Amino acid sequence: MNLTTNFQRCPEWTAYVKHRQPKTLIVWGRNQAIIVPAAAEHMKQVVPAADLRYFDASHFALDVNANAVADAIIETFH
């Protein structure tokens with residue numbers, strides 16, 4: 001997989017989660033420049049029960065906010 005094939009498969013993945021409605025946590029950096037925050041909002045529309053959390057970070061929100069993201073994972077899936 002690479003960035004090109006990932007983008008090509010987005011409609012397939014979106015259809016899958018729309019149909020399955022899995023318990024979902026969306027973690028997003030507010031300053032994300034590679035994949036804009038509107039993509040997070042789109043996934044929230046596809047899975048309305050998803051927990052969408054924004055962090056003061058860019059593409060590497062997990063690296064910058066590891067503890068807060070870990071807490072979000074525990075809160076969402078515990």
# chains A, B, ... in the order shown; residues from 1 in each chain; ligands from 1

$ closest_atom_pairs --of "stretch 26-54 of chain A" --to "stretch 60-75 of chain A" --cutoff "10 Å" --atoms "only C-alpha atoms" --output "tab-separated table"
residue	atom	partner	partner_atom	distance
A:Ile26	CA	A:Ala72	CA	9.6
A:Val27	CA	A:Val69	CA	7.4
A:Trp28	CA	A:Ala61	CA	6.5
A:Gly29	CA	A:Ala61	CA	5.1
A:Arg30	CA	A:Ala61	CA	8.6
A:Asn31	CA	A:Ala61	CA	9.2
A:Gln32	CA	A:Phe60	CA	8.3
A:Asp51	CA	A:Ala72	CA	8.9
A:Leu52	CA	A:Ala72	CA	9.7
A:Arg53	CA	A:Ala72	CA	7.9
A:Tyr54	CA	A:Ala61	CA	8.7

$ write_last_selection --atoms "N, CA, C and O atoms" --output "compact mmCIF listing (two decimals), in the first residue's frame"
# COMPACT_ATOMS: atom_id res chain seq x y z
N ILE A 26 -12.10 8.62 16.06
CA ILE A 26 -11.39 9.37 15.04
C ILE A 26 -10.50 10.37 15.76
O ILE A 26 -10.99 11.23 16.49
N VAL A 27 -9.19 10.23 15.59
CA VAL A 27 -8.21 11.11 16.22
C VAL A 27 -7.61 11.97 15.12
O VAL A 27 -7.11 11.44 14.12
N TRP A 28 -7.67 13.28 15.28
CA TRP A 28 -7.24 14.16 14.21
C TRP A 28 -6.47 15.35 14.74
O TRP A 28 -6.85 15.94 15.74
N GLY A 29 -5.41 15.70 14.04
CA GLY A 29 -4.65 16.90 14.37
C GLY A 29 -5.31 18.13 13.75
O GLY A 29 -5.60 18.13 12.56
N ARG A 30 -5.57 19.15 14.53
CA ARG A 30 -6.22 20.36 14.02
C ARG A 30 -5.40 21.03 12.91
O ARG A 30 -5.95 21.72 12.06
N ASN A 31 -4.10 20.83 12.93
CA ASN A 31 -3.23 21.48 11.95
C ASN A 31 -2.80 20.50 10.85
O ASN A 31 -1.79 20.73 10.19
N GLN A 32 -3.57 19.47 10.65
CA GLN A 32 -3.28 18.46 9.65
C GLN A 32 -3.28 19.09 8.26
O GLN A 32 -4.27 19.70 7.86
N ASP A 51 -16.65 8.71 17.89
CA ASP A 51 -16.11 9.71 18.80
C ASP A 51 -15.00 10.43 18.04
O ASP A 51 -13.99 9.83 17.72
N LEU A 52 -15.21 11.70 17.71
CA LEU A 52 -14.22 12.49 16.97
C LEU A 52 -13.51 13.41 17.94
O LEU A 52 -14.14 14.22 18.62
N ARG A 53 -12.19 13.25 18.02
CA ARG A 53 -11.39 14.07 18.93
C ARG A 53 -10.31 14.80 18.14
O ARG A 53 -9.55 14.19 17.41
N TYR A 54 -10.26 16.10 18.31
CA TYR A 54 -9.23 16.93 17.68
C TYR A 54 -8.13 17.21 18.70
O TYR A 54 -8.41 17.42 19.89

$ select_by_dssp --residues "chain A" --states "strand (DSSP E)" --output "list of chain:residue names"
A:Leu25, A:Ile26, A:Val27, A:Trp28, A:Gly29, A:Asp51, A:Leu52, A:Arg53, A:Tyr54, A:Phe55

$ atom_distance --atom1 "atom CA of A:Gln45" --atom2 "atom CA of A:His19"
12.7 Å

$ select_by_dssp --residues "chain A" --states "alpha helix (DSSP H)" --output "PyMOL selection string"
chain A and resi 3-20+38-46+61-64+66-77

$ atom_distance --atom1 "atom CA of A:Val36" --atom2 "atom CA of A:Arg20"
24.4 Å

$ atom_distance --atom1 "atom CA of A:Pro11" --atom2 "atom CA of A:Ala33"
20.9 Å

$ closest_residue --among "A:Ala40, A:Ser58, A:Cys10, A:Asn2" --to "A:Leu25" --atoms "only C-alpha atoms"
A:Ala40

$ residues_around --residues "A:Val46" --least-positions-apart "6" --cutoff "9 Å" --atoms "only C-alpha atoms" --output "ChimeraX atom specification"
/A:14-15,17-18,21
